[in-house]
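Working notes for the structure below.
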Amino acid sequence: MTEISFYHLLHTPVERALPKLIEKVLESGARAVIRAGSSERAEALSGALWTYDQDSFLPHGTAHDGNPDKQPIWITTEDDNPNGAEILIVTDGAATGGLETYKRCLEMFDGRDEEAVAEARRRWTEYKAASHDLTYWQQTERGGWEKQA
């Protein structure tokens, strides 16, 4: 079963929280697929990864860039895993097809958006019924994460 962690954003948008998670993925030596809700959103997330910190470099690509097999982080709207990633990061309530090909799934959702919260609750119930290991992380005021019971 895939280990699934929910990341409840309370203080910053996904564009500001995502780069820190990506840094941890890269530090671990893993690869990730970021699944966005639209191609425009995928390009916006790519731009956020390029510009979030002038002293940092987060290698990644999108369909616009090509060569997914050479990208440690791949941003897409598709249900594929073209870079052989171990981690799936879901934003915007995007589809989670192909979940079984990943060791971990990180579901990021905006806690200030009632629809996003309702969708996260629906997914939690669905994943629990499928016997996945679930954890829930809530964003702190300083932008870090606190594991909740």
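Identifiers in this document derive from the order of the structure tokens: chains are assigned A, B, ..., residues are numbered from 1 separately in each chain, and ligands are numbered from 1 in order of occurrence.
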
| query | Near A:Arg104, counting only C-alpha atoms, which residues have an atom at most 6 Å away, once you skip same-chain residues fewer than 6 positions from it, shown as a ChimeraX atom specification? | reply | /A:2-4,87

| task | Within 10 Å of A:Thr96, counting only C-alpha atoms, which residues show up once you throw out same-chain ones fewer than 2 positions away? Write them as a ChimeraX atom specification, please. | result | /A:35,78-80,88-90,93-94,98-100,105,107,123

| Neighbour list for A:Ala85 as JSON, numbers by chain, cut-off 8 Å, only C-alpha atoms, skip fewer than 6 positions in-chain | {"A": [30, 31, 32, 33, 72, 73, 102]}

| task | Could you give me the residues within chain A that DSSP places in strand (DSSP E), as a PyMOL selection string? | result | chain A and resi 3-9+32-35+61-62+73-76+87-90+104-110+133-139+145-148

| request: Write out as a list of chain:residue names which residues come within 12 Å of A:Gly47 when counting only C-alpha atoms, dropping same-chain ones fewer than 4 positions away. | output: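 The residues satisfying every condition are A:Glu15, A:Arg16, A:Leu18, A:Pro19, A:Glu40, A:Arg41, A:Ala42, A:Glu43, A:Thr51, A:Tyr52, A:Asp53, A:Leu58, A:Pro59, A:His60, A:Gly61, A:Thr62, A:Ile75.
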
Selection to disk with C-alpha atoms, as a JSON list (two decimals), in the first residue's frame:
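Output (part_34.json):
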[["chain", "number", "residue", "atom", "x", "y", "z"],
["A", 15, "GLU", "CA", 3.39, 27.85, -4.35],
["A", 16, "ARG", "CA", 5.26, 28.85, -1.18],
["A", 18, "LEU", "CA", 5.73, 23.19, -2.09],
["A", 19, "PRO", "CA", 9.41, 24.18, -2.57],
["A", 40, "GLU", "CA", -1.60, 26.41, -16.72],
["A", 41, "ARG", "CA", -1.31, 25.49, -13.06],
["A", 42, "ALA", "CA", 1.57, 23.10, -13.82],
["A", 43, "GLU", "CA", 3.48, 25.95, -15.49],
["A", 51, "THR", "CA", 11.89, 31.68, -8.37],
["A", 52, "TYR", "CA", 11.13, 30.85, -4.74],
["A", 53, "ASP", "CA", 14.73, 31.32, -3.48],
["A", 58, "LEU", "CA", 15.22, 22.74, -7.63],
["A", 59, "PRO", "CA", 15.72, 20.76, -10.85],
["A", 60, "HIS", "CA", 12.38, 20.00, -12.44],
["A", 61, "GLY", "CA", 10.46, 20.02, -15.69],
["A", 62, "THR", "CA", 7.05, 19.98, -17.34],
["A", 75, "ILE", "CA", 5.11, 18.51, -12.96]]

| said: Which residue is closest to A:Leu21? Choose from A:Ser5, A:Thr125, A:Thr101, A:Gln71 and count only C-alpha atoms. | reply: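 Smallest distance to A:Leu21 is found for A:Ser5.
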
Write out, as a tab-separated table, each residue of stretch 5-49 of chain A that has an atom at most 12 Å from stretch 128-138 of chain A, together with the closest pair of atoms and their distance in Å to one decimal, counting only C-alpha atoms, rows going by chain and rising number.
residue	atom	partner	partner_atom	distance
A:Ser5	CA	A:Thr135	CA	4.7
A:Phe6	CA	A:Tyr136	CA	4.8
A:Tyr7	CA	A:Trp137	CA	4.9
A:His8	CA	A:Gln138	CA	4.8
A:Leu9	CA	A:Gln138	CA	6.7
A:Leu10	CA	A:Gln138	CA	7.5
A:His11	CA	A:Gln138	CA	10.0
A:Thr12	CA	A:Gln138	CA	11.6
A:Ala17	CA	A:Gln138	CA	11.7

Keeping C-alpha atoms, export the residues of the selection given above as a compact mmCIF listing (two decimals), in the first residue's frame.
# COMPACT_ATOMS: atom_id res chain seq x y z
CA SER A 5 0.21 12.12 3.96
CA PHE A 6 -2.21 15.03 3.91
CA TYR A 7 -0.67 18.52 4.13
CA HIS A 8 -3.24 21.04 5.35
CA LEU A 9 -2.16 24.53 4.26
CA LEU A 10 -3.32 27.25 6.63
CA HIS A 11 -0.88 30.15 6.30
CA THR A 12 0.76 30.04 2.86
CA ALA A 17 4.90 25.57 0.75

| request: To one decimal in Å, tell me the separation between atom CA of A:Ala95 and atom CA of A:Gly37. | output: 7.9 Å

| query | Which of these residues is nearest to A:Gln139, using only C-alpha atoms: A:Phe57, A:Met1, A:Ser28, A:Met108? | reply |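 With only C-alpha atoms as the atom set, the closest residue is A:Met108.
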
| message | Would you compute the distance between atom CA of A:Gly111 and atom CA of A:Ser46? Give it in Å to one decimal. | response |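 Going from atom CA of A:Gly111 over to atom CA of A:Ser46, I get 22.2 Å.
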